[in-house]
>>> print(open('upload13.txt').read())   # compact mmCIF, C-alpha atoms
# COMPACT_ATOMS: atom_id res chain seq x y z
CA MET Y 220 10.69 -18.51 21.85
CA SER Y 221 8.11 -17.11 24.25
CA THR Y 222 8.39 -13.36 24.92
CA PRO Y 223 5.92 -12.56 27.72
CA ALA Y 224 7.55 -9.18 28.47
CA LEU Y 225 6.91 -8.06 24.89
CA ALA Y 226 3.88 -6.14 23.65
CA ILE Y 227 3.32 -6.10 19.90
CA VAL Y 228 1.53 -3.19 18.24
CA ILE Y 229 0.20 -3.59 14.69
CA LEU Y 230 -0.57 -0.35 12.85
CA ALA Y 231 -3.78 -0.93 10.87
CA ALA Y 232 -5.54 2.44 10.71
CA GLY Y 233 -4.73 3.42 7.13
CA LYS Y 234 -7.21 3.80 4.29
CA GLY Y 235 -4.92 2.66 1.48
CA THR Y 236 -6.14 5.02 -1.23
CA ARG Y 237 -3.87 3.53 -3.90
CA MET Y 238 -5.64 0.18 -3.58
CA ASN Y 239 -8.60 1.74 -5.47
CA SER Y 240 -11.06 0.13 -3.09
CA ASP Y 241 -13.45 1.14 -0.33
CA LEU Y 242 -12.14 -1.77 1.75
CA PRO Y 243 -9.58 -0.90 4.46
CA LYS Y 244 -6.14 -1.75 3.09
CA VAL Y 245 -5.36 -4.34 5.76
CA LEU Y 246 -8.46 -6.36 4.81
CA HIS Y 247 -7.29 -7.04 1.26
CA GLU Y 248 -6.39 -10.70 0.95
CA VAL Y 249 -3.18 -12.35 -0.12
CA ALA Y 250 -3.29 -16.11 -0.67
CA GLY Y 251 -6.81 -16.17 0.76
CA ARG Y 252 -6.03 -14.44 4.07
CA PRO Y 253 -6.42 -10.73 4.98
CA LEU Y 254 -3.19 -8.79 5.36
CA ILE Y 255 -3.96 -7.95 8.98
CA LEU Y 256 -4.38 -11.61 9.93
CA ARG Y 257 -1.04 -12.48 8.33
CA ALA Y 258 0.53 -9.82 10.56
CA VAL Y 259 -1.30 -11.33 13.54
CA ASP Y 260 0.02 -14.79 12.64
CA THR Y 261 3.60 -13.47 12.53
CA ALA Y 262 3.15 -11.66 15.84
CA GLY Y 263 1.56 -14.67 17.51
CA ALA Y 264 4.51 -16.89 16.58
CA LEU Y 265 6.61 -14.88 19.05
CA GLU Y 266 4.20 -15.71 21.91
CA PRO Y 267 4.20 -12.14 23.25
CA GLY Y 268 2.52 -10.82 26.36
CA CYS Y 269 -0.11 -9.08 24.25
CA VAL Y 270 -0.93 -8.00 20.71
CA LEU Y 271 -2.66 -4.68 20.06
CA ALA Y 272 -3.91 -3.28 16.76
CA VAL Y 273 -4.40 0.43 16.08
CA VAL Y 274 -7.47 0.83 13.88
CA GLY Y 275 -9.06 3.82 12.20
CA PHE Y 276 -10.57 3.79 8.72
CA GLY Y 277 -13.23 1.08 8.47
CA ARG Y 278 -12.54 0.06 12.04
CA GLU Y 279 -15.80 -1.87 12.41
CA LEU Y 280 -14.75 -4.13 9.53
CA VAL Y 281 -11.23 -4.54 10.91
CA ASP Y 282 -12.63 -5.31 14.37
CA ALA Y 283 -14.84 -7.98 12.84
CA ALA Y 284 -11.88 -9.55 11.01
CA LEU Y 285 -9.91 -9.66 14.27
CA ALA Y 286 -12.73 -11.21 16.30
CA GLY Y 287 -11.52 -14.35 18.04
CA SER Y 288 -7.85 -13.64 17.28
CA GLY Y 289 -6.99 -12.52 20.81
CA VAL Y 290 -5.94 -9.10 19.50
CA SER Y 291 -7.23 -6.00 21.30
CA THR Y 292 -7.91 -2.87 19.25
CA VAL Y 293 -7.29 0.79 20.00
CA VAL Y 294 -8.83 3.55 17.88
CA GLN Y 295 -6.85 6.35 16.25
CA ASP Y 296 -9.21 9.20 15.41
CA PRO Y 297 -8.33 11.52 13.78
CA PRO Y 298 -5.41 10.03 11.78
CA LEU Y 299 -2.46 12.23 12.69
CA GLY Y 300 0.44 10.00 11.67
CA THR Y 301 2.26 6.90 12.82
CA GLY Y 302 3.73 8.47 15.96
CA HIS Y 303 0.28 9.56 17.06
CA ALA Y 304 -1.04 6.05 16.28
CA VAL Y 305 1.47 4.30 18.55
CA LEU Y 306 0.89 6.82 21.33
CA GLN Y 307 -2.77 5.73 21.44
CA VAL Y 308 -1.80 2.33 22.90
CA ARG Y 309 0.14 3.74 25.87
CA GLU Y 310 -2.56 2.92 28.42
CA ALA Y 311 -3.36 -0.46 26.84
CA VAL Y 312 0.14 -1.96 27.13
CA PRO Y 313 0.20 -4.24 30.21
CA ALA Y 314 2.49 -3.22 33.06
CA GLY Y 315 4.46 -6.46 32.67
CA CYS Y 316 5.54 -5.62 29.11
CA SER Y 317 8.88 -3.82 29.19
CA ASP Y 318 9.41 -3.74 25.40
CA VAL Y 319 7.11 -2.77 22.54
CA LEU Y 320 7.52 -4.18 19.03
CA ILE Y 321 5.86 -2.11 16.31
CA LEU Y 322 4.68 -3.75 13.09
CA THR Y 323 2.53 -2.58 10.21
CA GLY Y 324 -0.53 -4.49 9.08
CA ASP Y 325 0.31 -4.40 5.37
CA VAL Y 326 3.56 -6.44 5.29
CA PRO Y 327 2.43 -10.02 4.65
CA LEU Y 328 5.84 -11.53 3.80
CA LEU Y 329 7.59 -10.70 7.08
CA ARG Y 330 8.95 -13.80 8.81
CA SER Y 331 8.86 -14.36 12.55
CA GLU Y 332 12.49 -15.53 12.30
CA THR Y 333 13.50 -12.03 11.19
CA LEU Y 334 11.71 -10.54 14.19
CA ARG Y 335 13.42 -12.97 16.55
CA GLU Y 336 16.80 -11.85 15.18
CA LEU Y 337 15.77 -8.21 15.70
CA LEU Y 338 14.75 -8.89 19.30
CA GLN Y 339 17.96 -10.78 19.99
CA GLU Y 340 20.07 -7.86 18.68
CA HIS Y 341 17.99 -5.43 20.72
CA ALA Y 342 18.61 -7.35 23.94
CA ALA Y 343 22.24 -8.25 23.24
CA ASN Y 344 23.25 -4.62 22.64
CA ASP Y 345 21.15 -3.24 25.51
CA CYS Y 346 19.44 -0.73 23.25
CA VAL Y 347 16.54 1.57 24.03
CA LEU Y 348 15.44 1.43 20.38
CA THR Y 349 16.28 -0.99 17.56
CA VAL Y 350 15.04 -0.32 14.03
CA LEU Y 351 14.85 -3.04 11.37
CA SER Y 352 16.38 -1.79 8.13
CA THR Y 353 17.05 -3.27 4.71
CA GLN Y 354 18.75 -2.42 1.42
CA ALA Y 355 16.31 -1.29 -1.27
CA PRO Y 356 17.08 -1.71 -4.97
CA ASN Y 357 15.10 1.51 -5.51
CA PRO Y 358 14.71 3.46 -2.25
CA TYR Y 359 12.32 6.07 -3.68
CA GLY Y 360 9.44 6.77 -1.32
CA TYR Y 361 11.03 5.14 1.73
CA GLY Y 362 12.50 6.69 4.86
CA ARG Y 363 16.29 6.61 4.66
CA ILE Y 364 18.55 5.36 7.45
CA VAL Y 365 20.99 8.13 8.36
CA ARG Y 366 24.36 7.24 9.85
CA ASP Y 367 27.27 9.43 10.97
CA ILE Y 368 30.83 9.27 9.64
CA ASP Y 369 31.53 6.30 11.96
CA GLY Y 370 28.52 4.38 10.69
CA GLU Y 371 26.48 4.96 13.84
CA PHE Y 372 22.73 5.23 13.37
CA THR Y 373 21.48 8.77 14.07
CA GLY Y 374 18.08 9.15 12.42
CA ILE Y 375 15.52 8.43 9.72
CA VAL Y 376 14.57 11.01 7.13
CA GLU Y 377 11.40 10.66 5.05
CA GLU Y 378 11.47 11.01 1.27
CA LYS Y 379 9.69 14.39 1.21
CA ASP Y 380 12.04 15.83 3.83
CA ALA Y 381 15.29 14.34 2.49
CA THR Y 382 18.09 16.28 0.85
CA PRO Y 383 19.33 15.17 -2.60
CA GLU Y 384 22.33 13.51 -0.89
CA GLN Y 385 20.10 11.64 1.57
CA ARG Y 386 17.91 10.40 -1.28
CA ASN Y 387 20.93 8.49 -2.61
CA ILE Y 388 21.00 6.33 0.55
CA SER Y 389 19.84 2.79 -0.22
CA GLU Y 390 19.42 1.60 3.39
CA ILE Y 391 15.78 2.18 4.30
CA ASN Y 392 13.49 1.98 7.28
CA SER Y 393 11.25 -1.10 7.16
CA GLY Y 394 8.66 0.39 9.52
CA VAL Y 395 9.46 -2.28 12.11
CA MET Y 396 11.09 -1.31 15.39
CA VAL Y 397 11.29 -2.38 19.00
CA GLY Y 398 11.72 -0.02 21.93
CA ARG Y 399 11.77 0.00 25.70
CA ARG Y 400 8.28 0.87 26.82
CA ASP Y 401 9.00 3.88 29.07
CA GLU Y 402 11.53 5.57 26.80
CA LEU Y 403 9.39 4.88 23.71
CA PHE Y 404 6.34 6.69 25.06
CA TRP Y 405 8.49 9.45 26.57
CA ALA Y 406 9.94 10.14 23.12
CA LEU Y 407 6.55 9.90 21.38
CA ARG Y 408 5.18 12.65 23.60
CA LYS Y 409 7.99 14.92 22.34
CA VAL Y 410 7.30 14.40 18.62
CA LYS Y 411 6.13 17.53 16.76
CA PRO Y 412 4.43 17.67 13.33
CA ASN Y 413 7.25 19.71 11.80
CA ASN Y 414 7.39 18.05 8.38
CA ALA Y 415 6.00 18.30 4.87
CA LYS Y 416 2.86 16.30 5.77
CA GLY Y 417 2.14 17.99 9.10
CA GLU Y 418 1.99 14.57 10.80
CA TYR Y 419 3.47 13.07 13.96
CA TYR Y 420 6.11 10.74 12.53
CA LEU Y 421 7.02 7.65 14.52
CA THR Y 422 10.49 7.88 13.00
CA ASP Y 423 11.17 11.18 14.76
CA ILE Y 424 11.71 9.30 18.02
CA VAL Y 425 15.05 8.10 16.65
CA GLY Y 426 16.58 11.57 16.72
CA ILE Y 427 14.88 12.40 20.02
CA LEU Y 428 16.33 9.33 21.75
CA ASP Y 429 19.75 9.78 20.14
CA ASN Y 430 19.94 13.43 21.22
CA ALA Y 431 18.99 12.38 24.75
CA GLY Y 432 21.99 10.06 24.86
CA HIS Y 433 20.12 6.76 24.63
CA ARG Y 434 21.59 3.76 22.85
CA ILE Y 435 19.86 3.15 19.51
CA GLN Y 436 20.67 0.98 16.50
CA ALA Y 437 19.49 0.02 13.04
CA VAL Y 438 19.85 -3.67 12.23
CA ASN Y 439 19.95 -4.70 8.58
CA ALA Y 440 18.44 -8.14 9.15
CA GLY Y 441 15.72 -8.61 6.56
CA LYS Y 442 15.47 -8.88 2.79
CA PHE Y 443 13.71 -6.07 0.94
CA ASP Y 444 11.09 -8.38 -0.61
CA GLU Y 445 10.19 -9.70 2.85
CA LEU Y 446 9.70 -6.21 4.26
CA GLN Y 447 7.89 -4.52 1.39
CA GLY Y 448 4.52 -3.05 2.30
CA ILE Y 449 1.41 -3.43 0.16
CA ASN Y 450 0.13 -0.15 -1.28
CA THR Y 451 -1.20 -1.08 -4.73
CA PRO Y 452 -3.02 -4.01 -6.37
CA GLU Y 453 0.19 -4.76 -8.28
CA GLU Y 454 2.17 -5.12 -5.05
CA LEU Y 455 -0.57 -7.36 -3.68
CA ALA Y 456 -0.28 -9.61 -6.73
CA ARG Y 457 3.52 -9.81 -6.34
CA ALA Y 458 3.16 -10.79 -2.68
CA GLU Y 459 0.68 -13.48 -3.70
CA ALA Y 460 3.26 -14.90 -6.13
CA VAL Y 461 6.00 -14.88 -3.48
CA LEU Y 462 3.79 -16.72 -0.98
CA ALA Y 463 2.83 -19.29 -3.63
CA ALA Y 464 6.54 -19.90 -4.34
CA ARG Y 465 7.25 -20.28 -0.60
CA ASP Y 466 4.48 -22.82 -0.23
CA SER Y 467 5.65 -24.82 -3.23
CA GLY Y 468 9.29 -24.67 -2.15
>>> encode(input="upload13.txt", output="structure tokens")
Amino acid sequence: MSTPALAIVILAAGKGTRMNSDLPKVLHEVAGRPLILRAVDTAGALEPGCVLAVVGFGRELVDAALAGSGVSTVVQDPPLGTGHAVLQVREAVPAGCSDVLILTGDVPLLRSETLRELLQEHAANDCVLTVLSTQAPNPYGYGRIVRDIDGEFTGIVEEKDATPEQRNISEINSGVMVGRRDELFWALRKVKPNNAKGEYYLTDIVGILDNAGHRIQAVNAGKFDELQGINTPEELARAEAVLAARDSG
């Protein structure tokens, strides 16, 4: 399925302090391939109009790893959060791309089939923003999907900002979302760093768009193991085992 009106943004600016390494997190390898290139492979399978990577820590090394991949890079400096990171690509997204799909560079098990389902739901329901969610066996540390009494998606609350009741929610944000270009960047410009970390959260655009009356949705389309990010050497080893089982199966 070719998607020429789609721009894909891969967030790859993080340091990854819990990896206990001086190497940028997205350059750690799983099954012999850097995490960032696995994200590029998944993005490329959708045949989008363009793929952009937001780089920061160790950007020269990340640029070198992406050489020849067809991916353009945009620098985030200083690192002010995920919302700030996506805003950096505003001028780089081609005029012909009406939708922007946001991925993270540290999720090596994500399947392109899951992204196709997300894009299909986004188009079918004529949404301004569609977030990919999943059920987590232990949601600690993840942003929780907040729904109203009718089950309608209204926001995402991060762990440090969540109430005790919200921390009991098992449906979590995967970090993957697709939005209409104009409304996405409009909402990003309204994000404020009013949170425990003092960062510009990408997830704050959910409430901004909802309050403005735009149609948004959270689609529970992926399995938790497929959407789990890599933050520690132990998680990297588990991803390696999952990929080995896929290849043998």
>>> residues_around(input="upload13.txt", residues="stretch 367-377 of chain Y", least_positions_apart="3", cutoff="9 Å", atoms="only C-alpha atoms", output="PDB file with C-alpha atoms, keeping the file's coordinate frame")
ATOM      1  CA  GLY Y 360       9.440   6.770  -1.320  1.00  0.00           C
ATOM      2  CA  TYR Y 361      11.030   5.140   1.730  1.00  0.00           C
ATOM      3  CA  GLY Y 362      12.500   6.690   4.860  1.00  0.00           C
ATOM      4  CA  ARG Y 363      16.290   6.610   4.660  1.00  0.00           C
ATOM      5  CA  ILE Y 364      18.550   5.360   7.450  1.00  0.00           C
ATOM      6  CA  ASP Y 380      12.040  15.830   3.830  1.00  0.00           C
ATOM      7  CA  ALA Y 381      15.290  14.340   2.490  1.00  0.00           C
ATOM      8  CA  THR Y 382      18.090  16.280   0.850  1.00  0.00           C
ATOM      9  CA  GLN Y 385      20.100  11.640   1.570  1.00  0.00           C
ATOM     10  CA  ILE Y 391      15.780   2.180   4.300  1.00  0.00           C
ATOM     11  CA  ASN Y 392      13.490   1.980   7.280  1.00  0.00           C
ATOM     12  CA  THR Y 422      10.490   7.880  13.000  1.00  0.00           C
ATOM     13  CA  ASP Y 423      11.170  11.180  14.760  1.00  0.00           C
ATOM     14  CA  ILE Y 424      11.710   9.300  18.020  1.00  0.00           C
ATOM     15  CA  VAL Y 425      15.050   8.100  16.650  1.00  0.00           C
ATOM     16  CA  GLY Y 426      16.580  11.570  16.720  1.00  0.00           C
ATOM     17  CA  ILE Y 427      14.880  12.400  20.020  1.00  0.00           C
ATOM     18  CA  ASP Y 429      19.750   9.780  20.140  1.00  0.00           C
ATOM     19  CA  ASN Y 430      19.940  13.430  21.220  1.00  0.00           C
ATOM     20  CA  ILE Y 435      19.860   3.150  19.510  1.00  0.00           C
ATOM     21  CA  GLN Y 436      20.670   0.980  16.500  1.00  0.00           C
ATOM     22  CA  ALA Y 437      19.490   0.020  13.040  1.00  0.00           C
TER      23      ALA Y 437
END
>>> axis_aligned_box(input="upload13.txt", around="stretch 251-254 of chain Y", padding_each_side="5 Å", output="AutoDock Vina command-line options")
--center_x -5.0 --center_y -12.5 --center_z 3.1 --size_x 13.6 --size_y 17.4 --size_z 14.6
>>> closest_residue(input="upload13.txt", among="Y:Ala232, Y:Lys416, Y:Arg237, Y:Val397", to="Y:Glu336", atoms="all atoms listed in the file")
Y:Val397
>>> residues_around(input="upload13.txt", residues="Y:Ala262", least_positions_apart="6", cutoff="12 Å", atoms="all atoms listed in the file", output="NGL selection string")
:Y and (220-222 or 225-229 or 255-256 or 268-272 or 288-290 or 319-324 or 326-327 or 329-335 or 395)
>>> write_last_selection(input="upload13.txt", atoms="C-alpha atoms", output="PDB file, in the coordinates of the input")
ATOM      1  CA  MET Y 220      10.690 -18.510  21.850  1.00  0.00           C
ATOM      2  CA  SER Y 221       8.110 -17.110  24.250  1.00  0.00           C
ATOM      3  CA  THR Y 222       8.390 -13.360  24.920  1.00  0.00           C
ATOM      4  CA  LEU Y 225       6.910  -8.060  24.890  1.00  0.00           C
ATOM      5  CA  ALA Y 226       3.880  -6.140  23.650  1.00  0.00           C
ATOM      6  CA  ILE Y 227       3.320  -6.100  19.900  1.00  0.00           C
ATOM      7  CA  VAL Y 228       1.530  -3.190  18.240  1.00  0.00           C
ATOM      8  CA  ILE Y 229       0.200  -3.590  14.690  1.00  0.00           C
ATOM      9  CA  ILE Y 255      -3.960  -7.950   8.980  1.00  0.00           C
ATOM     10  CA  LEU Y 256      -4.380 -11.610   9.930  1.00  0.00           C
ATOM     11  CA  GLY Y 268       2.520 -10.820  26.360  1.00  0.00           C
ATOM     12  CA  CYS Y 269      -0.110  -9.080  24.250  1.00  0.00           C
ATOM     13  CA  VAL Y 270      -0.930  -8.000  20.710  1.00  0.00           C
ATOM     14  CA  LEU Y 271      -2.660  -4.680  20.060  1.00  0.00           C
ATOM     15  CA  ALA Y 272      -3.910  -3.280  16.760  1.00  0.00           C
ATOM     16  CA  SER Y 288      -7.850 -13.640  17.280  1.00  0.00           C
ATOM     17  CA  GLY Y 289      -6.990 -12.520  20.810  1.00  0.00           C
ATOM     18  CA  VAL Y 290      -5.940  -9.100  19.500  1.00  0.00           C
ATOM     19  CA  VAL Y 319       7.110  -2.770  22.540  1.00  0.00           C
ATOM     20  CA  LEU Y 320       7.520  -4.180  19.030  1.00  0.00           C
ATOM     21  CA  ILE Y 321       5.860  -2.110  16.310  1.00  0.00           C
ATOM     22  CA  LEU Y 322       4.680  -3.750  13.090  1.00  0.00           C
ATOM     23  CA  THR Y 323       2.530  -2.580  10.210  1.00  0.00           C
ATOM     24  CA  GLY Y 324      -0.530  -4.490   9.080  1.00  0.00           C
ATOM     25  CA  VAL Y 326       3.560  -6.440   5.290  1.00  0.00           C
ATOM     26  CA  PRO Y 327       2.430 -10.020   4.650  1.00  0.00           C
ATOM     27  CA  LEU Y 329       7.590 -10.700   7.080  1.00  0.00           C
ATOM     28  CA  ARG Y 330       8.950 -13.800   8.810  1.00  0.00           C
ATOM     29  CA  SER Y 331       8.860 -14.360  12.550  1.00  0.00           C
ATOM     30  CA  GLU Y 332      12.490 -15.530  12.300  1.00  0.00           C
ATOM     31  CA  THR Y 333      13.500 -12.030  11.190  1.00  0.00           C
ATOM     32  CA  LEU Y 334      11.710 -10.540  14.190  1.00  0.00           C
ATOM     33  CA  ARG Y 335      13.420 -12.970  16.550  1.00  0.00           C
ATOM     34  CA  VAL Y 395       9.460  -2.280  12.110  1.00  0.00           C
TER      35      VAL Y 395
END
>>> closest_residue(input="upload13.txt", among="Y:Arg408, Y:Arg400, Y:His433, Y:Arg252", to="Y:Cys346", atoms="all atoms listed in the file")
Y:His433
>>> atom_distance(input="upload13.txt", atom1="atom CA of Y:Ala355", atom2="atom CA of Y:Ala460")
19.5 Å
>>> build_atoms(input="upload13.txt", residues="stretch 385-419 of chain Y", atoms="N, CA and C atoms", output="JSON list (two decimals), in the coordinates of the input")
[["chain", "number", "residue", "atom", "x", "y", "z"],
["Y", 385, "GLN", "N", 20.76, 12.68, 0.77],
["Y", 385, "GLN", "CA", 20.10, 11.64, 1.57],
["Y", 385, "GLN", "C", 19.26, 10.72, 0.70],
["Y", 386, "ARG", "N", 18.72, 11.23, -0.40],
["Y", 386, "ARG", "CA", 17.91, 10.40, -1.28],
["Y", 386, "ARG", "C", 18.73, 9.35, -2.01],
["Y", 387, "ASN", "N", 20.04, 9.50, -2.00],
["Y", 387, "ASN", "CA", 20.93, 8.49, -2.61],
["Y", 387, "ASN", "C", 21.20, 7.32, -1.67],
["Y", 388, "ILE", "N", 20.79, 7.42, -0.41],
["Y", 388, "ILE", "CA", 21.00, 6.33, 0.55],
["Y", 388, "ILE", "C", 20.08, 5.16, 0.20],
["Y", 389, "SER", "N", 20.63, 3.96, 0.14],
["Y", 389, "SER", "CA", 19.84, 2.79, -0.22],
["Y", 389, "SER", "C", 19.35, 1.99, 0.99],
["Y", 390, "GLU", "N", 19.90, 2.27, 2.18],
["Y", 390, "GLU", "CA", 19.42, 1.60, 3.39],
["Y", 390, "GLU", "C", 18.16, 2.31, 3.87],
["Y", 391, "ILE", "N", 17.07, 1.56, 3.99],
["Y", 391, "ILE", "CA", 15.78, 2.18, 4.30],
["Y", 391, "ILE", "C", 15.18, 1.62, 5.59],
["Y", 392, "ASN", "N", 14.26, 2.39, 6.12],
["Y", 392, "ASN", "CA", 13.49, 1.98, 7.28],
["Y", 392, "ASN", "C", 12.39, 1.02, 6.84],
["Y", 393, "SER", "N", 12.28, -0.11, 7.51],
["Y", 393, "SER", "CA", 11.25, -1.10, 7.16],
["Y", 393, "SER", "C", 9.89, -0.77, 7.77],
["Y", 394, "GLY", "N", 9.89, 0.12, 8.77],
["Y", 394, "GLY", "CA", 8.66, 0.39, 9.52],
["Y", 394, "GLY", "C", 8.52, -0.47, 10.76],
["Y", 395, "VAL", "N", 9.46, -1.39, 10.94],
["Y", 395, "VAL", "CA", 9.46, -2.28, 12.11],
["Y", 395, "VAL", "C", 10.51, -1.81, 13.10],
["Y", 396, "MET", "N", 10.13, -1.68, 14.35],
["Y", 396, "MET", "CA", 11.09, -1.31, 15.39],
["Y", 396, "MET", "C", 10.64, -1.82, 16.74],
["Y", 397, "VAL", "N", 11.60, -1.95, 17.64],
["Y", 397, "VAL", "CA", 11.29, -2.38, 19.00],
["Y", 397, "VAL", "C", 11.95, -1.40, 19.97],
["Y", 398, "GLY", "N", 11.20, -0.98, 20.98],
["Y", 398, "GLY", "CA", 11.72, -0.02, 21.93],
["Y", 398, "GLY", "C", 11.34, -0.37, 23.35],
["Y", 399, "ARG", "N", 12.13, 0.13, 24.29],
["Y", 399, "ARG", "CA", 11.77, 0.00, 25.70],
["Y", 399, "ARG", "C", 10.52, 0.84, 25.95],
["Y", 400, "ARG", "N", 9.59, 0.25, 26.64],
["Y", 400, "ARG", "CA", 8.28, 0.87, 26.82],
["Y", 400, "ARG", "C", 8.35, 2.32, 27.33],
["Y", 401, "ASP", "N", 9.02, 2.55, 28.46],
["Y", 401, "ASP", "CA", 9.00, 3.88, 29.07],
["Y", 401, "ASP", "C", 9.65, 4.93, 28.18],
["Y", 402, "GLU", "N", 10.82, 4.61, 27.64],
["Y", 402, "GLU", "CA", 11.53, 5.57, 26.80],
["Y", 402, "GLU", "C", 10.80, 5.80, 25.48],
["Y", 403, "LEU", "N", 10.15, 4.75, 24.96],
["Y", 403, "LEU", "CA", 9.39, 4.88, 23.71],
["Y", 403, "LEU", "C", 8.28, 5.91, 23.86],
["Y", 404, "PHE", "N", 7.46, 5.77, 24.90],
["Y", 404, "PHE", "CA", 6.34, 6.69, 25.06],
["Y", 404, "PHE", "C", 6.79, 8.08, 25.50],
["Y", 405, "TRP", "N", 7.90, 8.15, 26.23],
["Y", 405, "TRP", "CA", 8.49, 9.45, 26.57],
["Y", 405, "TRP", "C", 8.86, 10.20, 25.30],
["Y", 406, "ALA", "N", 9.52, 9.50, 24.37],
["Y", 406, "ALA", "CA", 9.94, 10.14, 23.12],
["Y", 406, "ALA", "C", 8.74, 10.49, 22.24],
["Y", 407, "LEU", "N", 7.73, 9.63, 22.21],
["Y", 407, "LEU", "CA", 6.55, 9.90, 21.38],
["Y", 407, "LEU", "C", 5.84, 11.17, 21.82],
["Y", 408, "ARG", "N", 5.84, 11.44, 23.11],
["Y", 408, "ARG", "CA", 5.18, 12.65, 23.60],
["Y", 408, "ARG", "C", 5.95, 13.92, 23.21],
["Y", 409, "LYS", "N", 7.19, 13.77, 22.76],
["Y", 409, "LYS", "CA", 7.99, 14.92, 22.34],
["Y", 409, "LYS", "C", 7.97, 15.15, 20.83],
["Y", 410, "VAL", "N", 7.35, 14.26, 20.08],
["Y", 410, "VAL", "CA", 7.30, 14.40, 18.62],
["Y", 410, "VAL", "C", 6.41, 15.58, 18.24],
["Y", 411, "LYS", "N", 6.89, 16.38, 17.28],
["Y", 411, "LYS", "CA", 6.13, 17.53, 16.76],
["Y", 411, "LYS", "C", 5.86, 17.32, 15.27],
["Y", 412, "PRO", "N", 4.76, 17.86, 14.75],
["Y", 412, "PRO", "CA", 4.43, 17.67, 13.33],
["Y", 412, "PRO", "C", 5.15, 18.66, 12.42],
["Y", 413, "ASN", "N", 6.47, 18.75, 12.59],
["Y", 413, "ASN", "CA", 7.25, 19.71, 11.80],
["Y", 413, "ASN", "C", 7.82, 19.04, 10.56],
["Y", 414, "ASN", "N", 6.96, 18.73, 9.61],
["Y", 414, "ASN", "CA", 7.39, 18.05, 8.38],
["Y", 414, "ASN", "C", 6.44, 18.42, 7.25],
["Y", 415, "ALA", "N", 6.76, 17.92, 6.06],
["Y", 415, "ALA", "CA", 6.00, 18.30, 4.87],
["Y", 415, "ALA", "C", 4.53, 17.87, 4.95],
["Y", 416, "LYS", "N", 4.24, 16.81, 5.68],
["Y", 416, "LYS", "CA", 2.86, 16.30, 5.77],
["Y", 416, "LYS", "C", 2.10, 16.85, 6.98],
["Y", 417, "GLY", "N", 2.81, 17.50, 7.91],
["Y", 417, "GLY", "CA", 2.14, 17.99, 9.10],
["Y", 417, "GLY", "C", 1.65, 16.87, 10.00],
["Y", 418, "GLU", "N", 2.38, 15.74, 10.00],
["Y", 418, "GLU", "CA", 1.99, 14.57, 10.80],
["Y", 418, "GLU", "C", 3.00, 14.33, 11.92],
["Y", 419, "TYR", "N", 2.58, 13.50, 12.88],
["Y", 419, "TYR", "CA", 3.47, 13.07, 13.96],
["Y", 419, "TYR", "C", 4.15, 11.78, 13.50]]
